[in-house]
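Chemist: Structure below; questions to follow.
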Protein chains: 2
Amino acid sequence: MPKTQPARGMRDFLPADVRRREYVIGVIKEVYERYGFEPLETPAVENIETLLGKYGEEGNQLIFKILKRGVHESSGEADLALRYDLTVPLARVVAEYRDKLPKFFKRYQIQPVWRADRPARGRFREFYQCDVDILGSRSMLVEAEICAAASEALTALGFADFKIRINHRKHLTAILDAVQINEEDQTRALVVLDKLDKIGIEGVRTEFLELGFPAWVSTELFDFFARVEQGSESDNLTWNGHSLCEMRKFVEGHPEGEVALTELTRILDLVSAGGAAGKVVLAPNLARGLSYYTGAIMEITVPGLAGSLGGGGRYDNLVGMFLGQDVPACGFSLGLERIIVVMTEREMFPEALVSSPADIMVSIWNEGSVAESISLAQELRSAGFRVDLYPEADKLGKQFKYASARLIPFVAVIGDDERARGEVSIKDMRSGTQRSVKRESLAVTLRELL
Amino acid sequence: MPKTQPARGMRDFLPADVRRREYVIGVIKEVYERYGFEPLETPAVENIETLLGKYGEEGNQLIFKILKRGVHESSGEADLALRYDLTVPLARVVAEYRDKLPKFFKRYQIQPVWRADRPARGRFREFYQCDVDILGSRSMLVEAEICAAASEALTALGFADFKIRINHRKHLTAILDAVQINEEDQTRALVVLDKLDKIGIEGVRTEFLELGFPAWVSTELFDFFARVEQGSESDNLTWNGHSLCEMRKFVEGHPEGEVALTELTRILDLVSAGGAAGKVVLAPNLARGLSYYTGAIMEITVPGLAGSLGGGGRYDNLVGMFLGQDVPACGFSLGLERIIVVMTEREMFPEALVSSPADIMVSIWNEGSVAESISLAQELRSAGFRVDLYPEADKLGKQFKYASARLIPFVAVIGDDERARGEVSIKDMRSGTQRSVKRESLAVTLRELL
């Protein structure tokens, strides 16, 4: 007998789960549409070359690879792979359909991705990303729009206490230069720094030593981060002013560092006019794992959740890897499962969601009246009601019990008497009361009752 | 440079494609919900043992298999596979969560499946199935409900000329017994018969000879099918009466054949009371390819489309393969891509679907007024409008041209004059007229204009 659990790290979603997921997706979509983003969908399966080399060494390991088929199956080789994120497929799409797409392409995409990660609380091997990206412009307005869209989506779901932490890849280069980590070691240093919230300061210190960086490197860096953190008691705007000042002192005179601070200042300025006003804070220790970022990087955190609700950034060179010509781009990805984890813990779902599967159930009086029940169900469905139909002639008490257990509020009964009088009985499952109504006025009565 | 086309047989969906797909899925979902079906979702990836051996020999070959990961990758072995249909995962789910699910489980599921088939017109390697199934009852009402739900979904999409062809696995057994094909050859005979609409009568005749069946077998069978077909000039009800008569003559006295005809008669009777009334016709030559069917089998055809819009049937033993105990089941699957192919050819999509990405675009007057434009966009979005925001300070004419090309009906402009007066200019992109309104009444004006 085969196992009946879903595969490791994968999940089945029973009706109540699906309705909660659809609610969250619906709210996010509605906000993304209000921001003028258009929907895009790409296949779950990509050619393996499309994905390899885009996510760093660790990423390559976590890609699910698909075996060649037919006579090639025995070669053990893979030619296809499952989508690892929604950004690389987007870059491929923009390269492929450049002429069909508007100069500024604003798309949202809400689809699953697959990563062969070790499953943990809130970490699955199949999970949904809800992405918005704007391609075609280097304007910092793009970062502001992206932050505003993600921020408003979370606000619409009921989140009030999140922060968008922001940093800049060039600022990271500047601070690593400042502590004399040479260029070829910087990628590895960033991978370690990206784990800060998982392994803590001591963990980073240890791994830096293992990479051969002298001890004073960690001391300098964490002293700097601590000085920035001193501003966190103030409101976000004041804190940002304090952080900018500390960041400027640390990377002063570094050309890329200066660019980063100019861009971050501009982004903060524009953000304050839009939907993410007051939500964005500078975070000079933020390092996103993915290797394709080139400018601003962002991450959304919420109290009580290790890790983030989502993240993103600017990646001006990724489309170029497919097109041979750069197209500037910046985007944000919200993680559906993390959002649902927090919303469930905080009981943020609207009560009306835990709904019954139907407005009314039509019961079966006896074997001879099955067709009568079918036609009643059909009438009510045509009137727009959600109607369950008990599938068998069974004891009426059993049918009532079934409707009750399923939280269906009403049950229609057409017994011999009712039929003779052209009537239908409606039983209210909450009060237990029953009334007869003329069949032709059933829809009107039911609409009043619901 | 990696290729930028999607992988073979897979497709990217640009915004207009997604909107059409979502329209069709939305209509189907709405009908399924009215029938009291609840949503279920299962992972794209299943343990490979879950899928192998469920779809016949040909099916096994078409399953996409996923390579083991990490140190096991080099073994060339697969432990996971992509979902091949939605029925086998449903059977697994019912076995796994039996205690959590209602006695009669009515679920719909609209998700992609993957088959390594040779791509052809309307045949893709990733495609969506829209399934409804009812588990837990052997009542023929279930077949009638399933047919009605599928039929109403197509009707709601605007289809009027489809037919639901219906047959019964036990009737197929009876007619193959009648032409003396022994039990062990019947599966292969059905695989050939299932290809009738692709390879034609001569094709079936040839393959039957190759299987070693004497020539008179095909003659007998096709004579029988032709006699049934003679009734097709009449309306569907009369034709069904004629067909039942011919079918009874052909399999008279065969115990399983009698069961099949009794059940088909009952289904036709119940169908006539519900949403598929007048749509169902008997088709004794219908043989569905999948090996798990045990009772009635159905397929929906529409003039001008080779192949079907969907199909289904009863499979009372499949859950038992996971649970060790049978749970009766019957379901129907509509093929999203076939539906879209026909709807596109027949121009059945509502015109309003080919919509613009936004109600209004906010332009940028100059570098200094970017924040002003952001805050105007923010106000309009809060009022519920879909608002695009041009990302850069650019020549106004260029911005207008961009909005026009994207079919955005209005553009908002805040120049220095407008700003001084607390006003906003709105340009109607269709008429070319422009008017100034007070900023605080912009939302009201825009709502009137749209």
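Every chain in the structure tokens takes a letter, A first, then B, and so on in the order presented; its residues are numbered from 1, and the ligands are numbered from 1 following the presented order.
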Please produce chain B as a compact mmCIF listing (two decimals) with C-alpha atoms, in the first residue's frame once it has been superposed on chain A, the fit using all Cα atoms paired in sequence order.

Modeler:
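Output below, filename selection-v9.txt:
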# COMPACT_ATOMS: atom_id res chain seq x y z
CA MET B 1 -0.05 0.00 -0.05
CA PRO B 2 1.58 3.32 -1.04
CA LYS B 3 1.98 6.05 1.59
CA THR B 4 -0.89 8.52 1.72
CA GLN B 5 0.91 11.53 3.23
CA PRO B 6 1.99 14.19 0.76
CA ALA B 7 5.65 14.09 -0.24
CA ARG B 8 8.17 15.47 2.28
CA GLY B 9 7.84 19.23 2.77
CA MET B 10 4.71 19.39 0.57
CA ARG B 11 1.15 19.99 1.77
CA ASP B 12 -2.44 19.15 0.92
CA PHE B 13 -4.92 21.97 1.38
CA LEU B 14 -8.37 20.89 2.52
CA PRO B 15 -11.32 23.22 1.74
CA ALA B 16 -10.92 25.50 4.79
CA ASP B 17 -7.19 25.89 4.04
CA VAL B 18 -7.86 26.72 0.38
CA ARG B 19 -10.40 29.37 1.35
CA ARG B 20 -7.91 31.07 3.67
CA ARG B 21 -5.19 30.97 1.04
CA GLU B 22 -7.56 32.33 -1.60
CA TYR B 23 -8.62 35.12 0.74
CA VAL B 24 -5.02 36.26 1.25
CA ILE B 25 -4.18 35.93 -2.46
CA GLY B 26 -7.35 37.86 -3.36
CA VAL B 27 -6.46 40.78 -1.07
CA ILE B 28 -2.89 40.95 -2.34
CA LYS B 29 -4.03 40.79 -5.98
CA GLU B 30 -6.55 43.53 -5.46
CA VAL B 31 -3.85 45.85 -4.07
CA TYR B 32 -1.37 44.96 -6.81
CA GLU B 33 -4.05 45.70 -9.44
CA ARG B 34 -4.72 49.09 -7.81
CA TYR B 35 -1.04 49.85 -8.33
CA GLY B 36 -1.40 49.14 -12.05
CA PHE B 37 0.45 45.82 -12.04
CA GLU B 38 -0.69 43.22 -14.58
CA PRO B 39 -0.75 39.46 -14.06
CA LEU B 40 1.85 37.11 -15.55
CA GLU B 41 2.13 33.35 -15.31
CA THR B 42 5.06 31.17 -16.29
CA PRO B 43 5.39 27.37 -16.39
CA ALA B 44 6.33 25.40 -13.29
CA VAL B 45 8.98 23.68 -15.35
CA GLU B 46 11.94 25.53 -16.90
CA ASN B 47 14.86 24.37 -19.01
CA ILE B 48 17.55 23.58 -16.47
CA GLU B 49 20.06 26.06 -17.99
CA THR B 50 17.59 28.86 -17.33
CA LEU B 51 17.90 28.31 -13.58
CA LEU B 52 21.45 27.08 -12.99
CA GLY B 53 23.95 29.73 -11.95
CA LYS B 54 21.36 32.33 -10.99
CA TYR B 55 20.97 31.68 -7.27
CA GLY B 56 24.52 31.10 -6.07
CA GLU B 57 26.08 27.75 -5.12
CA GLU B 58 23.58 26.95 -2.36
CA GLY B 59 20.65 27.72 -4.67
CA ASN B 60 21.90 25.30 -7.35
CA GLN B 61 21.81 22.50 -4.77
CA LEU B 62 18.19 23.18 -3.86
CA ILE B 63 16.76 23.06 -7.38
CA PHE B 64 14.46 20.10 -8.11
CA LYS B 65 15.75 18.55 -11.35
CA ILE B 66 13.62 16.54 -13.77
CA LEU B 67 14.93 13.37 -15.37
CA LYS B 68 15.09 13.13 -19.16
CA ARG B 69 12.33 10.98 -20.59
CA GLY B 70 11.95 7.90 -22.76
CA VAL B 71 15.20 6.32 -23.96
CA HIS B 72 17.23 9.04 -22.22
CA GLU B 73 15.74 8.30 -18.81
CA SER B 74 18.38 5.71 -17.99
CA SER B 75 21.15 8.30 -18.54
CA GLY B 76 20.17 9.73 -15.16
CA GLU B 77 20.51 13.23 -16.61
CA ALA B 78 18.18 16.16 -16.03
CA ASP B 79 17.16 18.62 -18.75
CA LEU B 80 14.35 20.41 -16.91
CA ALA B 81 13.87 21.81 -13.41
CA LEU B 82 11.14 23.20 -11.19
CA ARG B 83 10.82 26.98 -10.86
CA TYR B 84 12.94 28.16 -7.91
CA ASP B 85 11.64 31.73 -7.76
CA LEU B 86 9.51 34.03 -9.93
CA THR B 87 12.26 36.53 -10.75
CA VAL B 88 14.47 34.48 -13.07
CA PRO B 89 11.47 33.32 -15.15
CA LEU B 90 10.39 36.98 -15.34
CA ALA B 91 13.82 37.95 -16.67
CA ARG B 92 13.53 35.18 -19.29
CA VAL B 93 10.03 36.37 -20.25
CA VAL B 94 11.15 39.99 -20.61
CA ALA B 95 14.03 38.89 -22.86
CA GLU B 96 11.72 36.69 -24.97
CA TYR B 97 8.81 39.09 -25.43
CA ARG B 98 10.62 42.45 -25.27
CA ASP B 99 8.76 43.79 -28.33
CA LYS B 100 5.33 42.81 -27.06
CA LEU B 101 5.75 44.30 -23.59
CA PRO B 102 5.38 47.97 -22.63
CA LYS B 103 8.56 50.00 -22.07
CA PHE B 104 7.85 49.90 -18.35
CA PHE B 105 6.60 46.44 -17.56
CA LYS B 106 4.77 46.23 -14.22
CA ARG B 107 3.75 42.69 -13.53
CA TYR B 108 2.54 40.70 -10.56
CA GLN B 109 2.82 36.95 -10.35
CA ILE B 110 1.39 34.71 -7.63
CA GLN B 111 2.51 31.14 -8.17
CA PRO B 112 4.25 28.31 -6.33
CA VAL B 113 7.99 27.74 -6.35
CA TRP B 114 9.91 24.66 -5.26
CA ARG B 115 13.09 24.38 -3.20
CA ALA B 116 14.62 21.16 -1.84
CA ASP B 117 15.28 22.87 1.49
CA ARG B 118 15.19 21.05 4.81
CA PRO B 119 11.53 21.43 5.89
CA ALA B 120 10.96 23.42 9.11
CA ARG B 121 8.20 25.44 10.77
CA GLY B 122 6.89 27.80 8.06
CA ARG B 123 9.45 26.43 5.55
CA PHE B 124 8.09 24.12 2.88
CA ARG B 125 9.37 22.61 -0.33
CA GLU B 126 6.44 23.96 -2.30
CA PHE B 127 5.42 27.49 -1.39
CA TYR B 128 3.78 30.50 -3.01
CA GLN B 129 5.46 33.77 -3.79
CA CYS B 130 3.45 36.93 -4.48
CA ASP B 131 5.74 39.08 -6.59
CA VAL B 132 5.54 42.60 -8.00
CA ASP B 133 8.27 43.90 -10.27
CA ILE B 134 8.79 46.97 -12.44
CA LEU B 135 11.16 46.66 -15.38
CA GLY B 136 12.54 49.35 -17.64
CA SER B 137 13.41 52.23 -15.32
CA ARG B 138 16.34 53.20 -13.11
CA SER B 139 14.23 55.80 -11.30
CA MET B 140 14.09 55.46 -7.51
CA LEU B 141 10.34 55.98 -7.82
CA VAL B 142 10.30 52.30 -8.72
CA GLU B 143 11.69 51.28 -5.33
CA ALA B 144 9.13 53.56 -3.67
CA GLU B 145 6.23 52.05 -5.68
CA ILE B 146 7.35 48.50 -4.96
CA CYS B 147 7.62 49.19 -1.22
CA ALA B 148 4.24 50.93 -1.24
CA ALA B 149 2.50 48.05 -3.04
CA ALA B 150 3.92 45.42 -0.64
CA SER B 151 3.17 47.62 2.34
CA GLU B 152 -0.44 48.30 1.32
CA ALA B 153 -1.01 44.61 0.63
CA LEU B 154 0.02 43.79 4.21
CA THR B 155 -2.01 46.69 5.59
CA ALA B 156 -5.07 45.48 3.67
CA LEU B 157 -4.61 42.07 5.33
CA GLY B 158 -4.64 43.75 8.73
CA PHE B 159 -0.91 44.03 9.52
CA ALA B 160 0.02 47.27 11.29
CA ASP B 161 3.32 46.55 13.03
CA PHE B 162 5.61 45.53 10.17
CA LYS B 163 8.78 47.30 9.10
CA ILE B 164 10.40 47.39 5.68
CA ARG B 165 14.14 47.18 6.31
CA ILE B 166 16.20 48.63 3.51
CA ASN B 167 19.86 48.52 2.55
CA HIS B 168 21.92 48.77 -0.64
CA ARG B 169 24.29 46.27 -2.24
CA LYS B 170 26.77 49.06 -2.91
CA HIS B 171 26.66 50.09 0.73
CA LEU B 172 27.50 46.50 1.67
CA THR B 173 30.45 46.62 -0.73
CA ALA B 174 31.57 49.87 0.90
CA ILE B 175 31.41 48.57 4.47
CA LEU B 176 33.19 45.34 3.54
CA ASP B 177 35.86 47.42 1.79
CA ALA B 178 36.06 49.56 4.94
CA VAL B 179 36.96 46.50 7.02
CA GLN B 180 39.43 45.38 4.33
CA ILE B 181 37.65 42.26 3.10
CA ASN B 182 38.89 41.83 -0.44
CA GLU B 183 36.56 41.55 -3.40
CA GLU B 184 36.75 37.80 -3.94
CA ASP B 185 35.82 37.13 -0.29
CA GLN B 186 32.87 39.53 -0.22
CA THR B 187 30.29 37.11 -1.70
CA ARG B 188 31.07 34.56 1.02
CA ALA B 189 31.01 37.30 3.67
CA LEU B 190 27.53 38.35 2.50
CA VAL B 191 26.25 34.76 2.63
CA VAL B 192 27.36 34.64 6.27
CA LEU B 193 25.94 38.07 7.10
CA ASP B 194 22.62 37.05 5.51
CA LYS B 195 22.31 34.39 8.23
CA LEU B 196 22.64 36.96 11.05
CA ASP B 197 19.02 36.57 12.22
CA LYS B 198 19.44 32.76 12.30
CA ILE B 199 22.93 32.30 13.78
CA GLY B 200 23.31 35.58 15.75
CA ILE B 201 26.33 37.82 16.19
CA GLU B 202 28.47 35.04 17.71
CA GLY B 203 27.65 32.76 14.80
CA VAL B 204 28.72 35.37 12.28
CA ARG B 205 31.88 36.07 14.29
CA THR B 206 32.80 32.36 14.28
CA GLU B 207 32.15 31.89 10.55
CA PHE B 208 34.10 35.05 9.72
CA LEU B 209 37.07 33.65 11.64
CA GLU B 210 36.67 30.38 9.71
CA LEU B 211 36.80 32.36 6.48
CA GLY B 212 40.13 33.78 7.70
CA PHE B 213 38.97 37.31 8.49
CA PRO B 214 40.80 38.80 11.53
CA ALA B 215 38.74 39.20 14.72
CA TRP B 216 38.69 43.01 14.53
CA VAL B 217 36.58 42.78 11.34
CA SER B 218 33.58 41.49 13.27
CA THR B 219 34.24 43.92 16.11
CA GLU B 220 34.30 46.92 13.75
CA LEU B 221 31.19 45.77 11.89
CA PHE B 222 29.09 44.96 14.93
CA ASP B 223 30.15 48.15 16.68
CA PHE B 224 28.94 50.02 13.61
CA PHE B 225 25.64 48.11 13.51
CA ALA B 226 25.19 48.77 17.23
CA ARG B 227 25.70 52.51 16.76
CA VAL B 228 23.00 52.50 14.08
CA GLU B 229 20.72 50.46 16.34
CA GLN B 230 21.01 53.12 19.05
CA GLY B 231 18.56 55.24 17.04
CA SER B 232 15.84 52.58 17.16
CA GLU B 233 14.24 54.11 20.26
CA SER B 234 13.11 57.09 18.18
CA ASP B 235 10.39 57.09 15.53
CA ASN B 236 11.35 55.63 12.16
CA LEU B 237 12.04 58.98 10.47
CA THR B 238 14.41 60.18 13.19
CA TRP B 239 16.08 56.80 13.32
CA ASN B 240 16.67 56.95 9.56
CA GLY B 241 18.31 60.36 9.95
CA HIS B 242 20.57 58.95 12.67
CA SER B 243 21.37 55.84 10.59
CA LEU B 244 22.24 57.85 7.48
CA CYS B 245 24.64 59.89 9.57
CA GLU B 246 26.37 56.79 11.00
CA MET B 247 26.46 55.08 7.60
CA ARG B 248 28.01 58.16 5.99
CA LYS B 249 30.72 58.28 8.66
CA PHE B 250 31.55 54.61 8.13
CA VAL B 251 31.90 54.64 4.32
CA GLU B 252 32.86 58.28 3.76
CA GLY B 253 34.73 58.90 0.50
CA HIS B 254 33.97 55.44 -0.92
CA PRO B 255 32.53 56.10 -4.40
CA GLU B 256 30.04 53.21 -4.39
CA GLY B 257 29.15 53.90 -0.79
CA GLU B 258 28.29 57.50 -1.72
CA VAL B 259 26.06 56.31 -4.58
CA ALA B 260 24.29 53.93 -2.21
CA LEU B 261 23.61 56.67 0.35
CA THR B 262 22.37 59.11 -2.31
CA GLU B 263 20.00 56.48 -3.67
CA LEU B 264 18.79 55.39 -0.22
CA THR B 265 18.17 59.03 0.73
CA ARG B 266 16.13 59.55 -2.44
CA ILE B 267 14.14 56.34 -1.87
CA LEU B 268 13.34 57.34 1.74
CA ASP B 269 12.21 60.72 0.48
CA LEU B 270 9.88 59.25 -2.16
CA VAL B 271 8.61 56.51 0.12
CA SER B 272 7.32 59.10 2.55
CA ALA B 273 4.84 60.38 -0.08
CA GLY B 274 3.27 56.99 -0.80
CA GLY B 275 1.73 53.86 0.64
CA ALA B 276 4.76 52.79 2.67
CA ALA B 277 5.16 56.12 4.51
CA GLY B 278 6.59 55.60 8.00
CA LYS B 279 7.25 51.90 7.38
CA VAL B 280 10.74 51.93 5.90
CA VAL B 281 13.86 51.83 8.11
CA LEU B 282 17.51 51.69 7.11
CA ALA B 283 19.23 48.43 8.01
CA PRO B 284 22.93 48.49 7.10
CA ASN B 285 23.32 44.87 8.28
CA LEU B 286 20.68 43.56 5.86
CA ALA B 287 22.23 41.27 3.23
CA ARG B 288 19.87 39.35 0.95
CA GLY B 289 21.06 35.87 -0.01
CA LEU B 290 20.30 35.90 -3.74
CA SER B 291 23.24 36.89 -5.87
CA TYR B 292 21.42 38.86 -8.57
CA TYR B 293 20.75 42.09 -6.62
CA THR B 294 22.63 45.22 -7.71
CA GLY B 295 21.09 48.16 -5.80
CA ALA B 296 18.60 48.69 -3.00
CA ILE B 297 17.54 45.55 -1.11
CA MET B 298 14.49 45.28 1.17
CA GLU B 299 13.00 42.87 3.65
CA ILE B 300 9.77 43.02 5.66
CA THR B 301 9.84 41.94 9.29
CA VAL B 302 7.11 41.68 11.84
CA PRO B 303 7.47 41.22 15.64
CA GLY B 304 7.31 37.59 16.72
CA LEU B 305 8.41 36.11 13.41
CA ALA B 306 12.01 35.02 12.89
CA GLY B 307 12.84 35.62 9.26
CA SER B 308 10.79 37.87 7.02
CA LEU B 309 7.35 38.17 5.43
CA GLY B 310 8.98 39.04 2.14
CA GLY B 311 11.86 40.77 0.48
CA GLY B 312 13.19 42.17 -2.73
CA GLY B 313 15.48 44.63 -4.37
CA ARG B 314 16.95 46.00 -7.55
CA TYR B 315 18.56 43.63 -10.08
CA ASP B 316 19.64 45.64 -13.10
CA ASN B 317 21.73 42.89 -14.74
CA LEU B 318 19.55 39.77 -14.60
CA VAL B 319 17.56 40.37 -17.79
CA GLY B 320 20.90 41.04 -19.50
CA MET B 321 21.93 37.44 -18.76
CA PHE B 322 19.13 36.38 -21.14
CA LEU B 323 18.95 39.34 -23.52
CA GLY B 324 22.60 40.38 -23.85
CA GLN B 325 21.47 43.90 -23.04
CA ASP B 326 20.60 45.18 -19.56
CA VAL B 327 17.06 46.11 -18.60
CA PRO B 328 16.84 47.78 -15.18
CA ALA B 329 14.49 46.05 -12.77
CA CYS B 330 13.33 46.08 -9.20
CA GLY B 331 10.82 43.90 -7.38
CA PHE B 332 9.37 42.59 -4.16
CA SER B 333 8.15 39.17 -3.15
CA LEU B 334 5.71 38.45 -0.33
CA GLY B 335 5.78 34.93 1.11
CA LEU B 336 2.24 33.55 1.28
CA GLU B 337 2.92 30.85 3.88
CA ARG B 338 4.72 33.19 6.32
CA ILE B 339 1.83 35.64 6.04
CA ILE B 340 -0.65 32.83 6.75
CA VAL B 341 1.39 31.55 9.72
CA VAL B 342 1.30 34.97 11.39
CA MET B 343 -2.34 35.67 10.44
CA THR B 344 -3.35 32.32 11.92
CA GLU B 345 -1.42 32.91 15.16
CA ARG B 346 -2.90 36.36 15.50
CA GLU B 347 -6.40 35.26 14.42
CA MET B 348 -6.50 37.86 11.68
CA PHE B 349 -8.81 35.97 9.29
CA PRO B 350 -12.35 37.35 8.90
CA GLU B 351 -14.85 35.11 10.66
CA ALA B 352 -17.11 34.87 7.62
CA LEU B 353 -14.41 32.83 5.89
CA VAL B 354 -15.06 29.69 7.90
CA SER B 355 -18.19 29.25 5.87
CA SER B 356 -20.46 26.32 5.16
CA PRO B 357 -20.14 24.57 1.81
CA ALA B 358 -23.71 25.50 0.81
CA ASP B 359 -26.62 27.83 1.58
CA ILE B 360 -29.10 24.97 1.64
CA MET B 361 -29.15 21.19 1.32
CA VAL B 362 -31.94 19.49 -0.61
CA SER B 363 -32.83 16.18 1.03
CA ILE B 364 -34.14 13.01 -0.61
CA TRP B 365 -37.57 11.85 0.61
CA ASN B 366 -37.49 8.39 -0.96
CA GLU B 367 -36.12 6.47 -3.93
CA GLY B 368 -39.07 7.58 -6.06
CA SER B 369 -38.58 11.29 -5.43
CA VAL B 370 -34.91 11.60 -6.38
CA ALA B 371 -35.68 13.34 -9.66
CA GLU B 372 -37.96 15.78 -7.80
CA SER B 373 -35.08 16.71 -5.47
CA ILE B 374 -32.70 17.11 -8.40
CA SER B 375 -35.07 19.51 -10.10
CA LEU B 376 -35.58 21.52 -6.90
CA ALA B 377 -31.80 21.80 -6.46
CA GLN B 378 -31.54 22.87 -10.08
CA GLU B 379 -34.13 25.66 -9.56
CA LEU B 380 -32.31 26.99 -6.50
CA ARG B 381 -28.93 26.87 -8.23
CA SER B 382 -30.35 28.79 -11.19
CA ALA B 383 -31.51 31.40 -8.66
CA GLY B 384 -27.86 31.74 -7.60
CA PHE B 385 -27.83 29.74 -4.35
CA ARG B 386 -25.08 27.32 -3.41
CA VAL B 387 -27.00 24.08 -3.06
CA ASP B 388 -25.88 20.71 -1.77
CA LEU B 389 -27.96 17.68 -2.74
CA TYR B 390 -27.94 14.65 -0.47
CA PRO B 391 -26.97 11.81 -2.80
CA GLU B 392 -29.12 8.96 -1.48
CA ALA B 393 -32.58 8.11 -0.18
CA ASP B 394 -31.78 7.79 3.52
CA LYS B 395 -33.51 8.30 6.87
CA LEU B 396 -34.44 11.99 7.08
CA GLY B 397 -32.89 12.28 10.56
CA LYS B 398 -29.58 11.10 9.14
CA GLN B 399 -29.79 13.68 6.38
CA PHE B 400 -30.50 16.47 8.89
CA LYS B 401 -27.59 15.34 11.02
CA TYR B 402 -25.32 15.39 7.98
CA ALA B 403 -26.37 18.97 7.09
CA SER B 404 -25.85 20.09 10.70
CA ALA B 405 -22.39 18.60 10.90
CA ARG B 406 -21.45 20.44 7.72
CA LEU B 407 -22.86 23.73 9.09
CA ILE B 408 -25.33 24.05 6.22
CA PRO B 409 -27.96 26.44 7.63
CA PHE B 410 -31.10 25.11 5.87
CA VAL B 411 -32.48 21.80 4.60
CA ALA B 412 -35.29 21.55 2.03
CA VAL B 413 -37.68 18.61 2.27
CA ILE B 414 -40.28 17.56 -0.32
CA GLY B 415 -42.35 14.80 1.25
CA ASP B 416 -45.47 13.32 -0.29
CA ASP B 417 -47.70 15.90 1.48
CA GLU B 418 -45.58 18.85 0.42
CA ARG B 419 -45.50 17.58 -3.13
CA ALA B 420 -49.27 17.22 -3.23
CA ARG B 421 -49.66 20.81 -2.04
CA GLY B 422 -46.94 22.19 -4.37
CA GLU B 423 -44.92 23.17 -1.32
CA VAL B 424 -41.45 22.68 0.12
CA SER B 425 -40.53 22.46 3.82
CA ILE B 426 -37.50 24.40 4.96
CA LYS B 427 -35.84 23.38 8.19
CA ASP B 428 -33.65 25.98 9.90
CA MET B 429 -30.79 23.87 11.27
CA ARG B 430 -29.77 26.42 13.90
CA SER B 431 -33.18 26.95 15.49
CA GLY B 432 -34.66 23.57 14.54
CA THR B 433 -37.86 25.24 13.30
CA GLN B 434 -39.51 24.09 10.12
CA ARG B 435 -41.92 25.91 7.82
CA SER B 436 -43.69 25.16 4.54
CA VAL B 437 -43.60 27.55 1.61
CA LYS B 438 -45.00 27.45 -1.90
CA ARG B 439 -42.36 26.04 -4.19
CA GLU B 440 -42.44 29.08 -6.47
CA SER B 441 -41.68 31.44 -3.59
CA LEU B 442 -38.90 29.31 -2.08
CA ALA B 443 -36.08 31.37 -3.59
CA VAL B 444 -37.51 34.63 -2.25
CA THR B 445 -38.01 33.15 1.24
CA LEU B 446 -34.53 31.65 1.29
CA ARG B 447 -32.96 34.95 0.30
CA GLU B 448 -34.71 36.61 3.25
CA LEU B 449 -33.61 33.91 5.65
CA LEU B 450 -29.93 33.92 4.67

Chemist: Return as number ranges by chain the full set of residues in range 163-352 of chain A whose backbone-based DSSP assignment is alpha helix (DSSP H).

Modeler: A: 169-178, 183-194, 196-210, 215-229, 236-251, 255-271, 320-323, 336-345

Chemist: Can you list, as a PyMOL selection string, all residues belonging to range 271-427 of chain A that DSSP tags as strand (DSSP E or B)?

Modeler: chain A and resi 280-282+296-301+310-314+329-335+360-362+387-389+410-413+423-427
